[in-house]
Structure formats: C-alpha cells, structure tokens
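To be precise, the following lines are structure-v6.txt, and they hold compact mmCIF, C-alpha atoms.
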# COMPACT_ATOMS: atom_id res chain seq x y z
CA MET A 1192 11.01 -74.56 48.27
CA GLU A 1193 11.22 -73.75 51.97
CA LEU A 1194 14.31 -71.63 51.52
CA ARG A 1195 12.78 -69.29 48.99
CA PRO A 1196 10.22 -67.53 51.18
CA GLU A 1197 12.96 -67.02 53.77
CA ARG A 1198 15.16 -65.40 51.16
CA ALA A 1199 12.24 -63.28 50.01
CA GLU A 1200 11.64 -62.21 53.61
CA GLU A 1201 15.31 -61.38 54.02
CA ALA A 1202 15.26 -59.37 50.82
CA ARG A 1203 12.19 -57.48 51.98
CA GLY A 1204 13.78 -56.87 55.38
CA GLY A 1205 16.89 -55.58 53.64
CA GLU A 1206 14.74 -53.31 51.51
CA ARG A 1207 12.95 -51.99 54.54
CA ILE A 1208 16.24 -51.23 56.25
CA SER A 1209 17.54 -49.41 53.20
CA LEU A 1210 14.27 -47.48 52.95
CA LEU A 1211 14.53 -46.49 56.60
CA LEU A 1212 18.11 -45.37 56.13
CA ARG A 1213 17.16 -43.36 53.11
CA LEU A 1214 14.27 -41.76 54.97
CA ARG A 1215 16.62 -40.93 57.82
CA ALA A 1216 19.03 -39.20 55.44
CA GLN A 1217 16.15 -37.32 53.81
CA MET A 1218 14.79 -36.12 57.11
CA LYS A 1219 18.22 -34.96 58.20
CA GLN A 1220 18.66 -32.97 55.04
CA GLN A 1221 15.18 -31.47 55.21
CA LEU A 1222 15.67 -30.56 58.87
CA LEU A 1223 18.90 -28.83 57.92
CA GLU A 1224 17.11 -26.85 55.24
CA TYR A 1225 14.34 -25.74 57.59
CA LYS A 1226 16.84 -24.76 60.26
CA SER A 1227 18.81 -22.67 57.81
CA MET A 1228 15.63 -20.93 56.67
CA ILE A 1229 14.77 -20.10 60.26
CA ASP A 1230 18.25 -18.74 60.87
CA ALA A 1231 18.09 -16.69 57.71
CA ASN A 1232 14.76 -15.17 58.64
CA GLU A 1233 15.82 -14.00 62.08
CA GLU A 1234 15.74 -10.26 61.74
CA LYS A 1235 17.29 -7.94 64.25
CA THR A 1236 14.86 -5.11 64.73
CA PRO A 1237 16.73 -1.86 64.28
CA GLU A 1238 16.52 0.75 67.00
CA GLN A 1239 14.09 3.47 66.18
CA ASP A 1240 16.35 6.42 66.83
CA MET A 1241 19.34 5.40 64.81
CA GLN A 1242 20.86 8.35 63.08
CA GLU A 1243 21.39 8.50 59.36
CA LYS A 1244 25.15 8.31 59.65
CA GLN A 1245 25.00 5.20 61.77
CA MET A 1246 22.67 3.59 59.28
CA GLU A 1247 24.97 4.48 56.44
CA THR A 1248 27.97 2.99 58.19
CA LYS A 1249 25.97 -0.11 59.00
CA ILE A 1250 24.90 -0.43 55.37
CA GLU A 1251 28.50 -0.05 54.28
CA SER A 1252 29.70 -2.71 56.67
CA LEU A 1253 26.98 -5.08 55.49
CA GLU A 1254 27.89 -4.43 51.87
CA ASN A 1255 31.52 -5.14 52.69
CA GLU A 1256 30.47 -8.40 54.29
CA ILE A 1257 28.58 -9.34 51.15
CA GLU A 1258 31.57 -8.51 48.99
CA ASP A 1259 33.87 -10.59 51.20
CA VAL A 1260 31.54 -13.54 51.05
CA LYS A 1261 31.26 -13.19 47.27
CA THR A 1262 35.01 -13.15 46.75
CA ALA A 1263 35.51 -16.07 49.13
CA PHE A 1264 32.86 -17.98 47.23
CA ASP A 1265 34.44 -17.22 43.87
CA ILE A 1266 37.83 -18.33 45.13
CA LYS A 1267 36.31 -21.55 46.40
CA ASN A 1268 34.69 -22.13 43.02
CA LEU A 1269 38.03 -21.64 41.33
CA VAL A 1270 39.67 -24.08 43.71
CA LEU A 1271 36.92 -26.61 43.08
CA SER A 1272 37.24 -26.38 39.31
CA ARG A 1273 41.01 -26.64 39.61
CA MET A 1274 40.62 -29.79 41.68
CA GLN A 1275 38.23 -31.22 39.12
CA LEU A 1276 40.62 -30.41 36.33
CA SER A 1277 43.57 -32.01 38.07
CA SER A 1278 41.62 -35.17 38.90
CA ALA A 1279 40.47 -35.41 35.28
CA LEU A 1280 44.07 -34.96 34.13
CA LYS A 1281 45.21 -37.63 36.57
CA ASN A 1282 42.62 -40.06 35.30
CA ASN A 1283 43.58 -39.29 31.73
CA LEU A 1284 47.25 -39.85 32.44
CA GLU A 1285 46.57 -43.09 34.23
CA ASN A 1286 44.68 -44.39 31.26
CA THR A 1287 47.06 -43.34 28.51
CA ALA A 1288 50.46 -43.62 30.13
CA THR A 1289 52.99 -43.78 27.29
CA GLU A 1290 51.32 -41.86 24.51
CA SER A 1291 50.79 -38.58 26.30
CA SER A 1292 54.31 -37.21 25.99
CA GLU A 1293 53.00 -33.76 25.14
CA LEU A 1294 50.99 -33.73 28.34
CA MET A 1295 54.04 -34.80 30.31
CA ASP A 1296 56.12 -32.05 28.70
CA ASP A 1297 53.46 -29.50 29.55
CA LEU A 1298 53.25 -30.74 33.11
CA ASN A 1299 57.02 -30.60 33.50
CA ASP A 1300 57.07 -27.06 32.13
CA ILE A 1301 54.32 -26.14 34.56
CA LEU A 1302 56.31 -27.61 37.46
CA LYS A 1303 59.47 -25.73 36.46
CA LEU A 1304 57.62 -22.46 36.12
CA ASN A 1305 55.91 -22.97 39.46
CA LYS A 1306 59.27 -23.57 41.15
CA LEU A 1307 60.67 -20.47 39.48
CA ILE A 1308 57.66 -18.48 40.63
CA MET A 1309 58.07 -19.71 44.17
CA THR A 1310 61.77 -18.87 44.35
CA SER A 1311 61.30 -15.43 42.84
CA GLN A 1312 58.41 -14.74 45.21
CA GLN A 1313 60.60 -15.77 48.12
CA GLU A 1314 63.38 -13.47 46.93
CA SER A 1315 61.01 -10.56 46.48
CA ARG A 1316 59.62 -11.16 49.96
CA GLU A 1317 63.12 -11.08 51.48
CA LEU A 1318 63.95 -7.88 49.62
CA GLU A 1319 60.76 -6.31 50.82
CA LYS A 1320 61.65 -7.31 54.36
CA LYS A 1321 65.06 -5.67 54.05
CA LEU A 1322 63.48 -2.53 52.63
CA LEU A 1323 61.06 -2.48 55.52
CA ASP A 1324 63.90 -2.84 58.04
CA VAL A 1325 65.85 0.00 56.45
CA ARG A 1326 62.78 2.20 56.48
CA LYS A 1327 62.15 1.40 60.13
CA LYS A 1328 65.72 2.33 61.02
CA ARG A 1329 65.42 5.59 59.13
CA LEU A 1330 62.23 6.40 60.96
CA GLN A 1331 63.86 5.64 64.29
CA LEU A 1332 66.84 7.85 63.47
CA LYS A 1333 64.54 10.67 62.42
CA GLN A 1334 62.62 10.40 65.63
CA ALA A 1335 65.83 10.37 67.68
CA SER A 1336 67.19 13.46 65.88
CA GLY A 1337 63.88 15.19 66.38
CA ARG A 1338 64.03 14.52 70.09
CA LYS A 1339 67.60 15.77 70.32
CA LEU A 1340 66.74 19.01 68.53
CA LEU A 1341 63.84 19.49 70.88
CA GLU A 1342 66.16 19.01 73.86
CA ILE A 1343 68.63 21.54 72.44
CA GLN A 1344 65.84 24.02 71.94
CA THR A 1345 64.54 23.62 75.47
CA GLU A 1346 68.02 24.04 76.88
CA LYS A 1347 68.53 27.24 74.89
CA ASN A 1348 65.20 28.59 76.05
CA LYS A 1349 66.10 27.78 79.64
CA GLN A 1350 69.39 29.59 79.35
CA LYS A 1351 67.70 32.61 77.81
CA GLU A 1352 65.15 32.69 80.59
CA GLU A 1353 67.83 32.45 83.22
CA LEU A 1354 69.73 35.25 81.59
CA ASP A 1355 66.67 37.44 81.43
CA SER A 1356 65.78 36.71 85.02
CA VAL A 1357 69.27 37.41 86.12
CA GLU A 1358 69.29 40.65 84.21
CA ASN A 1359 65.99 41.79 85.56
CA SER A 1360 66.63 40.86 89.19
CA ASP A 1361 66.64 43.55 91.83
CA LYS A 1362 70.22 43.09 92.98
CA ILE A 1363 71.51 44.04 89.60
CA LYS A 1364 69.23 47.05 89.57
CA THR A 1365 70.51 48.32 92.87
CA MET A 1366 74.07 47.61 91.76
CA GLN A 1367 73.51 49.56 88.58
CA HIS A 1368 72.04 52.43 90.59
CA ASN A 1369 75.02 52.45 92.90
CA LEU A 1370 77.36 52.37 89.93
CA GLN A 1371 75.60 55.40 88.48
CA MET A 1372 75.89 57.28 91.74
CA GLU A 1373 79.60 56.47 92.03
CA MET A 1374 80.21 57.57 88.48
CA GLN A 1375 78.47 60.85 89.12
CA THR A 1376 80.45 61.52 92.28
CA THR A 1377 83.73 60.73 90.50
CA THR A 1378 82.88 63.13 87.68
CA VAL A 1379 81.98 65.77 90.23
CA VAL A 1380 85.26 65.18 92.08
CA GLN A 1381 87.17 65.32 88.77
CA HIS A 1382 85.56 68.63 87.89
CA VAL A 1383 86.35 69.98 91.34
CA PHE A 1384 90.04 69.05 91.07
CA GLN A 1385 90.25 70.42 87.55
CA ASN A 1386 88.81 73.72 88.61
CA LEU A 1387 91.07 73.80 91.65
CA ILE A 1388 94.18 73.38 89.52
CA LEU A 1389 93.00 75.83 86.84
CA GLY A 1390 91.76 78.30 89.43
CA SER A 1391 95.13 78.32 91.21
CA LYS A 1392 96.66 79.70 88.00
CA VAL A 1393 99.60 77.30 88.17
CA ASN A 1394 101.38 76.48 84.96
CA TRP A 1395 100.59 72.82 84.88
CA ALA A 1396 102.25 72.20 81.49
CA GLU A 1397 105.75 72.48 82.98
CA ASP A 1398 105.47 69.93 85.76
CA PRO A 1399 105.14 66.44 84.22
CA ALA A 1400 103.41 64.93 87.26
CA LEU A 1401 100.84 67.75 87.34
CA LYS A 1402 100.43 67.45 83.55
CA GLU A 1403 99.65 63.74 83.93
CA THR A 1404 97.06 64.40 86.62
CA VAL A 1405 95.29 67.08 84.55
CA LEU A 1406 95.19 64.84 81.48
CA GLN A 1407 93.90 61.99 83.58
CA LEU A 1408 91.15 64.21 84.93
CA GLU A 1409 90.06 64.87 81.37
CA LYS A 1410 89.11 61.28 80.90
CA ILE A 1411 85.39 61.13 81.03
CA VAL A 1412 84.15 58.30 83.04
CA THR A 1413 81.64 56.34 80.96
CA MET A 1414 79.63 53.27 81.46
CA ILE A 1415 81.49 50.03 81.06
CA MET B 1193 -3.33 -18.36 49.14
CA SER B 1194 -2.20 -16.24 46.30
CA VAL B 1195 1.53 -16.58 46.77
CA LEU B 1196 3.39 -19.85 46.68
CA ARG B 1197 5.70 -20.24 49.61
CA PRO B 1198 8.35 -22.92 49.67
CA MET B 1199 8.45 -24.00 53.28
CA ASP B 1200 4.98 -23.45 54.68
CA LYS B 1201 4.11 -27.14 54.71
CA LEU B 1202 5.90 -30.15 56.12
CA PRO B 1203 7.40 -32.51 53.56
CA ASP B 1204 5.96 -35.94 52.97
CA LEU B 1205 8.20 -38.90 53.55
CA ASN B 1206 10.04 -40.04 50.45
CA LYS B 1207 7.84 -37.94 48.17
CA ALA B 1208 8.93 -35.14 45.90
CA THR B 1209 6.56 -32.79 44.09
CA VAL B 1210 7.29 -30.74 41.02
CA LEU B 1211 5.05 -28.07 39.51
CA LEU B 1212 5.24 -27.53 35.77
CA VAL B 1213 3.87 -24.21 34.58
CA SER B 1214 3.28 -23.54 30.93
CA THR B 1215 0.61 -22.61 28.42
CA GLU B 1216 1.49 -25.55 26.19
CA ASP B 1217 -0.51 -28.43 27.60
CA ALA B 1218 0.65 -31.12 25.20
CA LEU B 1219 4.32 -30.48 25.82
CA LEU B 1220 3.76 -30.44 29.55
CA GLN B 1221 1.94 -33.75 29.44
CA GLN B 1222 4.73 -35.36 27.46
CA LEU B 1223 7.37 -33.95 29.81
CA ALA B 1224 5.43 -35.19 32.82
CA ASP B 1225 5.21 -38.67 31.32
CA SER B 1226 8.97 -38.72 30.63
CA MET B 1227 9.71 -37.62 34.17
CA LEU B 1228 7.48 -40.26 35.68
CA LYS B 1229 9.16 -42.91 33.57
CA GLU B 1230 12.50 -42.07 35.13
CA ASP B 1231 14.00 -44.47 37.61
CA CYS B 1232 13.96 -42.72 40.95
CA ALA B 1233 14.22 -43.92 44.51
CA SER B 1234 11.70 -41.41 45.83
CA GLU B 1235 8.10 -41.16 44.79
CA LEU B 1236 7.50 -38.46 42.24
CA ARG B 1237 4.45 -36.29 41.96
CA VAL B 1238 4.01 -34.03 38.98
CA HIS B 1239 1.52 -31.16 39.02
CA LEU B 1240 0.63 -29.38 35.82
CA THR B 1241 -0.86 -25.94 35.57
CA LYS B 1242 -1.33 -23.24 32.98
CA SER B 1243 -0.56 -20.27 35.20
CA LEU B 1244 -0.25 -19.11 38.78
CA PRO B 1245 -1.94 -18.35 41.13
CA LEU B 1246 -3.11 -21.85 41.87
CA PRO B 1247 -6.67 -22.30 43.08
CA SER B 1248 -6.63 -22.58 46.84
CA SER B 1249 -9.49 -25.02 47.03
CA VAL B 1250 -7.31 -28.07 46.38
CA ALA B 1251 -5.19 -29.55 49.16
CA ARG B 1252 -1.78 -30.08 47.67
CA PRO B 1253 1.54 -31.22 49.08
CA ARG B 1254 4.59 -29.06 49.53
CA ILE B 1255 6.02 -28.05 46.18
CA ASP B 1256 9.75 -28.69 45.93
CA LEU B 1257 10.56 -27.44 42.46
CA ILE B 1258 8.79 -25.14 39.99
CA VAL B 1259 9.68 -25.44 36.33
CA PHE B 1260 8.49 -22.64 34.06
CA VAL B 1261 8.35 -23.90 30.49
CA ILE B 1262 8.56 -21.17 27.85
CA THR B 1263 8.28 -21.82 24.16
CA LEU B 1264 10.07 -19.41 21.90
CA HIS B 1265 7.35 -19.72 19.29
CA SER B 1266 4.72 -17.83 21.24
CA ARG B 1267 5.02 -14.50 23.03
CA TYR B 1268 1.96 -15.40 25.06
CA SER B 1269 3.74 -18.18 26.93
CA PHE B 1270 6.51 -15.76 27.88
CA GLN B 1271 4.07 -13.13 29.14
CA ASN B 1272 2.11 -15.77 31.00
CA VAL B 1273 5.22 -16.94 32.80
CA GLU B 1274 6.20 -13.36 33.59
CA GLU B 1275 2.85 -12.75 35.22
CA SER B 1276 2.92 -16.04 37.10
CA LEU B 1277 6.29 -15.14 38.57
CA HIS B 1278 4.61 -12.44 40.65
CA HIS B 1279 2.76 -15.10 42.59
CA VAL B 1280 5.84 -16.92 43.71
CA ASP B 1281 7.44 -16.06 47.03
CA SER B 1282 10.99 -14.79 46.85
CA ASN B 1283 12.30 -17.65 48.98
CA PHE B 1284 11.51 -19.98 46.12
CA PHE B 1285 14.20 -18.41 43.99
CA LEU B 1286 16.91 -19.82 46.25
CA GLY B 1287 17.30 -22.83 44.01
CA LYS B 1288 13.77 -24.14 43.72
CA VAL B 1289 12.85 -22.49 40.43
CA CYS B 1290 14.05 -23.48 36.99
CA PHE B 1291 13.32 -22.06 33.55
CA LEU B 1292 13.01 -24.44 30.60
CA VAL B 1293 13.02 -23.09 27.06
CA THR B 1294 11.82 -25.10 24.11
CA GLY B 1295 11.50 -24.46 20.43
CA ALA B 1296 14.87 -22.88 19.85
CA GLY B 1297 15.63 -25.24 17.02
CA ARG B 1298 13.28 -23.74 14.44
CA ASP B 1299 14.57 -20.21 14.19
CA SER B 1300 11.95 -19.06 11.68
CA HIS B 1301 9.09 -19.66 14.10
CA CYS B 1302 10.70 -17.88 17.02
CA SER B 1303 8.93 -14.74 18.09
CA VAL B 1304 10.67 -14.44 21.44
CA HIS B 1305 14.38 -13.87 21.39
CA ARG B 1306 16.69 -16.12 23.36
CA ASN B 1307 18.24 -13.17 25.11
CA THR B 1308 14.90 -12.06 26.50
CA VAL B 1309 14.48 -15.33 28.32
CA ALA B 1310 18.13 -15.30 29.31
CA LYS B 1311 17.64 -11.86 30.85
CA LEU B 1312 14.56 -13.09 32.70
CA ALA B 1313 16.48 -16.05 34.10
CA HIS B 1314 19.31 -13.75 35.10
CA THR B 1315 16.98 -11.31 36.85
CA TYR B 1316 15.52 -14.10 38.92
CA ARG B 1317 18.93 -15.74 39.41
CA SER B 1318 17.60 -19.13 38.38
CA PRO B 1319 19.07 -21.71 36.03
CA LEU B 1320 17.99 -21.75 32.43
CA LEU B 1321 17.75 -25.00 30.47
CA PHE B 1322 17.30 -25.33 26.74
CA CYS B 1323 15.58 -28.36 25.27
CA ASP B 1324 13.54 -29.34 22.27
CA LEU B 1325 10.65 -31.04 24.03
CA GLU B 1326 9.25 -32.53 20.86
CA VAL B 1327 12.16 -34.88 20.29
CA GLU B 1328 11.87 -37.99 22.42
CA SER B 1329 15.56 -38.46 23.32
CA PHE B 1330 16.12 -34.80 24.29
CA ARG B 1331 12.98 -34.88 26.36
CA ALA B 1332 14.17 -37.98 28.18
CA THR B 1333 17.52 -36.31 28.93
CA VAL B 1334 15.97 -33.16 30.30
CA ALA B 1335 13.48 -35.24 32.28
CA GLN B 1336 16.38 -37.07 33.87
CA ARG B 1337 18.04 -33.76 34.76
CA LEU B 1338 14.82 -32.37 36.19
CA VAL B 1339 14.24 -35.49 38.29
CA ARG B 1340 17.74 -35.17 39.73
CA MET B 1341 17.18 -31.49 40.48
CA LEU B 1342 13.85 -32.33 42.06
CA GLN B 1343 15.44 -34.90 44.35
CA ILE B 1344 18.02 -32.38 45.47
CA CYS B 1345 15.45 -29.62 46.03
CA ALA B 1346 13.23 -31.96 48.03
CA GLY B 1347 16.12 -32.73 50.33
CA HIS B 1348 16.44 -36.36 49.33
CA VAL B 1349 20.12 -36.13 48.50
CA PRO B 1350 22.20 -35.82 51.65
CA GLY B 1351 24.76 -33.06 51.65
CA VAL B 1352 23.40 -31.11 48.70
CA SER B 1353 20.63 -28.55 48.95
CA GLY B 1354 18.84 -26.54 46.29
CA LEU B 1355 20.95 -23.52 47.11
CA ASN B 1356 24.17 -25.49 46.64
CA LEU B 1357 22.98 -26.67 43.28
CA LEU B 1358 22.03 -23.14 42.30
CA SER B 1359 25.47 -21.82 43.11
CA LEU B 1360 27.06 -24.59 41.07
CA MET B 1361 24.80 -23.98 38.08
CA ARG B 1362 25.13 -20.24 38.16
CA SER B 1363 26.36 -18.51 35.02
CA PRO B 1364 28.99 -15.91 35.88
CA SER B 1365 28.07 -13.09 33.53
CA PRO B 1366 24.75 -11.50 32.55
CA PRO B 1367 23.52 -12.09 29.01
CA PRO B 1368 24.76 -9.61 26.42
CA GLU B 1369 22.61 -6.58 25.65
CA GLU B 1370 21.42 -6.65 22.06
CA LEU B 1371 19.47 -4.00 20.19

Just dump the structure as structure tokens.
Amino acid sequence: MELRPERAEEARGGERISLLLRLRAQMKQQLLEYKSMIDANEEKTPEQDMQEKQMETKIESLENEIEDVKTAFDIKNLVLSRMQLSSALKNNLENTATESSELMDDLNDILKLNKLIMTSQQESRELEKKLLDVRKKRLQLKQASGRKLLEIQTEKNKQKEELDSVENSDKIKTMQHNLQMEMQTTTVVQHVFQNLILGSKVNWAEDPALKETVLQLEKIVTMI
Amino acid sequence: MSVLRPMDKLPDLNKATVLLVSTEDALLQQLADSMLKEDCASELRVHLTKSLPLPSSVARPRIDLIVFVITLHSRYSFQNVEESLHHVDSNFFLGKVCFLVTGAGRDSHCSVHRNTVAKLAHTYRSPLLFCDLEVESFRATVAQRLVRMLQICAGHVPGVSGLNLLSLMRSPSPPPEEL
C-alpha cells in the first residue's frame, strides 16, 4: 500500500517529463515556422529609377530561379517515391521469400538492363570524348593555318612596299635621268658620225669595217 | 479584423485550433464531435462557423487549420465558401487550408459538379478531400485525417510543417476541363 502512491508519483513525474519534451518539440517547430515566415516576408525595396530592361531581366532571372526550384523539387519527389517503392518491395520480398519467383525474375532483368545501360552510357561518353578531342585538334590546325596565311600575306605586303619604296626613291630617279641624258648624247653622237660618213661621200659599202660601223650606227639606242 | 491571418497571434502551448466553415450546421456538428473523439496528444479546439468574416468581438486563439466543407447537393454552400475565401489571408493557403466535399455518393441530388470544386481547390492550391459525412465510419476516418493534419499545421509534429504536407499532398495536374 505504501509502494503504490510512490509508483503513481513516478508515473506522474514521467508524464510531466514527456509533456515537457513534447512541448519543447512543439515550440521548436513553431519557432521554425515563424522564422521562415519572417524570412519569406523580407522584401528588398526596388530602386526607384530602375529601367524597364533591368526590371525585365530581373523578372526573367527570378522566373528561372522558380523553374529551377520546381524541377529540383519534382526530381526530389521522384526520388522519394522511388525510395518508398523500393522499401515496399524489400518488405514484400522479405515476407514472401520463395514464392515470388516472378518478382525475382523481374528484378534480375532490371539489374541486367541497368548494367547494360551503364556500359553503353560509358561507351557513348568515351566516343563523345574522342569526337571532342578530334574537333579540338581540327580547330587548332585551322587556327595555325590561318596564322600562317596571315604571316605570308604580311610578308608579301612588306616586300611590295619595299619594292615600291625602292622604285620611288630619289637615287633611282636621278639615275634614270642620267641614263636618259646619256642615251640622248649617244644618239646625237651616232647621228653626227652617220652624217660625217655620208657627207664625205665615201663608198662605205665596199670597205667591210666601214660597213660594220655604219650598220652599227643605225641601231637605235632604246631603253633597256 | 476582416481578414484571417495565420500568424498574427502566438500559439498556445499544446493546443491546436481548427475552424470548420460550412452552411450545413448538422454535418459540421457531427464532424466536430468525431474529431474531438479522436485520440490526440495535444488539446483540440474546434470552432464552427457558417461563413467568414468572423465577428471580431470574440477573443479567439490562433487558428491553425481552416476546413471548408462543401456539399455537392446545394449550390449555396459552394457560393458561400467562395465568398468566405476572400476573407482569408493569402499566407493561409500555404498548407493551412483544406477543402472537404461531401454528398458525392448520391449523384441524383448533386447540383454542383465535382470538377467545379476540383477547379476551386486547384486555384487555391489546397488539398481536396472527399467524404460522405453522413456515414459514421467514413466520418471517423476523415476526422482522424483532419486531426493529423491539424497537429502538423499547428507545429506539434517535429520536422513536418503545413507547407511540407501540402507539397506531399499536391496533385500534379489540374482537373480536366469539361463542357
């Protein structure tokens, strides 16, 4: 009879502790909810003189954020349902071990197909890598050939410029002038000699040396 | 106050309050009794009303969950709920509102189509429950569900909030357009 009130007290104490723990968990959860509401309601006041374009880009970026969050959420839901399904399957298999041969066959097929998928994905990834390497090399070669052609072109242009400059320089001009003068004097001298020989009324056809000189004088000196 | 806001009062310790809104008083009373009969670790408080806005003269605790009960037999209940929805703050619809439809069993008496209510629930992004509140066992089941939802919305279940529950109960596609 003396033990019973002690046990009742212990039971009540235990109840009080469990109540306190439950209240603690409740208050934590409610605090979390209030905090999240406060965070959600924090609005950043937009600057007054934001242009339309900036606002449009901001709206687009926000919409993209929403879309990203939505897709992430959907993926997580899918993962969750897949986990639930697999745990349910596991429980089912544990309970009915020998009779579920169809399930085992299906699971084995699934495993084989998954392995096949993984190997083929690996192969396709390697092939893509090789393709990418080949494309990179081709790009590099193109760039190198482009550079070489550019170099050739610049060299040609340089040579052309040098040639032009050389042609147009003053030295050559004076040389050309001198050449002209010399040519004119030689023609004058030739004419003088010709007229001398013709004027002396000598028969120049008979003497071979004189004939050669006259014929030579006929040669008109032209520009080289 | 003409608009119900979810977080403008501090919560009471270990107490959860649900507000049932409907024009059908008898059904509401029965549902309230079933909910109170449920075994629950927290103290439950059930408030019944015909429509919003609530009279501001009464001091009432923070409301954790609003359940709008629509009966398919009467168009008036649907319109009443539609009008009451204007007096609920938008923050409530993050998991603290639920639509309950009754009377779908007797098709001949239905004057409101199921899809109308489904569209309403989809517009407000809130879960939609179907139940025949006149049958005792179904009522007990839905009362159990509502009590569990109420506990979660009041924050009494650690790790789960009303918004979590909403995202788990969400239906992926909008109801089909008919006629």

Contact residues (chain B, partner chain A, 12 Å, all atoms listed in the file) as a count of residues only: 38

For segment 1317-1319 of chain B: contacts at 9 Å, all atoms listed in the file, fewer than 4 positions along chain excluded, given as an MDAnalysis selection string: chainID B and resid 1285:1292 1312:1313 1358 1361:1363

Restricted to C-alpha atoms, what would the selected residues look like written as a PDB file, keeping the file's coordinate frame?
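For reference, part24.pdb as written:
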ATOM      1  CA  PHE B1285      14.200 -18.410  43.990  1.00  0.00           C
ATOM      2  CA  LEU B1286      16.910 -19.820  46.250  1.00  0.00           C
ATOM      3  CA  GLY B1287      17.300 -22.830  44.010  1.00  0.00           C
ATOM      4  CA  LYS B1288      13.770 -24.140  43.720  1.00  0.00           C
ATOM      5  CA  VAL B1289      12.850 -22.490  40.430  1.00  0.00           C
ATOM      6  CA  CYS B1290      14.050 -23.480  36.990  1.00  0.00           C
ATOM      7  CA  PHE B1291      13.320 -22.060  33.550  1.00  0.00           C
ATOM      8  CA  LEU B1292      13.010 -24.440  30.600  1.00  0.00           C
ATOM      9  CA  LEU B1312      14.560 -13.090  32.700  1.00  0.00           C
ATOM     10  CA  ALA B1313      16.480 -16.050  34.100  1.00  0.00           C
ATOM     11  CA  LEU B1358      22.030 -23.140  42.300  1.00  0.00           C
ATOM     12  CA  MET B1361      24.800 -23.980  38.080  1.00  0.00           C
ATOM     13  CA  ARG B1362      25.130 -20.240  38.160  1.00  0.00           C
ATOM     14  CA  SER B1363      26.360 -18.510  35.020  1.00  0.00           C
TER      15      SER B1363
END

Gap from atom CA of Leu1219 of chain B to atom CA of Leu1325 of chain B - Å, one decimal: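 Here the two named atoms are 6.6 Å from each other.
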
Atom-to-atom span, atom CA of Leu1220 of chain B and atom CA of Ser1300 of chain B, Å: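 So the two atoms, atom CA of Leu1220 of chain B and atom CA of Ser1300 of chain B, lie 22.7 Å apart.
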
Atom CA of Asn1232 of chain A to atom CA of Ser1282 of chain B, distance in Å rounded to a single decimal: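 Atom-to-atom, atom CA of Asn1232 of chain A to atom CA of Ser1282 of chain B, that is 12.4 Å.
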
Find the smallest box with edges along x, y and z containing every listed atom of segment 1320-1330 of chain A, then add 4 Å on each side and report centre and edge lengths in Å to one decimal, as lines of an AutoDock Vina configuration file.
center_x = 63.5
center_y = -0.5
center_z = 56.8
size_x = 12.8
size_y = 21.7
size_z = 16.4

Distance query Leu1223 of chain B at most 10 Å, all atoms listed in the file, self and fewer than 6 positions along chain excluded, as a ChimeraX atom specification: /B:1212,1217,1229,1238,1325-1326,1328,1331-1332,1334-1335,1338

Selection from above, C-alpha atoms, as a short mmCIF file (atom, residue, chain, number, x, y, z; two decimals), in the coordinates of the input, can you write it?
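Once everything was written out, this is again-v7.cif:
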data_model
loop_
_atom_site.label_atom_id
_atom_site.label_comp_id
_atom_site.auth_asym_id
_atom_site.auth_seq_id
_atom_site.Cartn_x
_atom_site.Cartn_y
_atom_site.Cartn_z
CA LEU B 1212 5.24 -27.53 35.77
CA ASP B 1217 -0.51 -28.43 27.60
CA LYS B 1229 9.16 -42.91 33.57
CA VAL B 1238 4.01 -34.03 38.98
CA LEU B 1325 10.65 -31.04 24.03
CA GLU B 1326 9.25 -32.53 20.86
CA GLU B 1328 11.87 -37.99 22.42
CA ARG B 1331 12.98 -34.88 26.36
CA ALA B 1332 14.17 -37.98 28.18
CA VAL B 1334 15.97 -33.16 30.30
CA ALA B 1335 13.48 -35.24 32.28
CA LEU B 1338 14.82 -32.37 36.19
#

Nearby residues (all atoms listed in the file) at most 10 Å from segment 1394-1406 of chain A, same-chain spacing under 6 positions excluded, as a list of chain:residue names: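 Everything that qualifies: A:Gln1381, A:Phe1384, A:Gln1385, A:Ile1388.
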
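Distances to Val1213 of chain B were evaluated for B:Leu1257, B:Leu1228, B:Leu1236, B:Val1339 using all atoms listed in the file, and the minimum falls at B:Leu1257.
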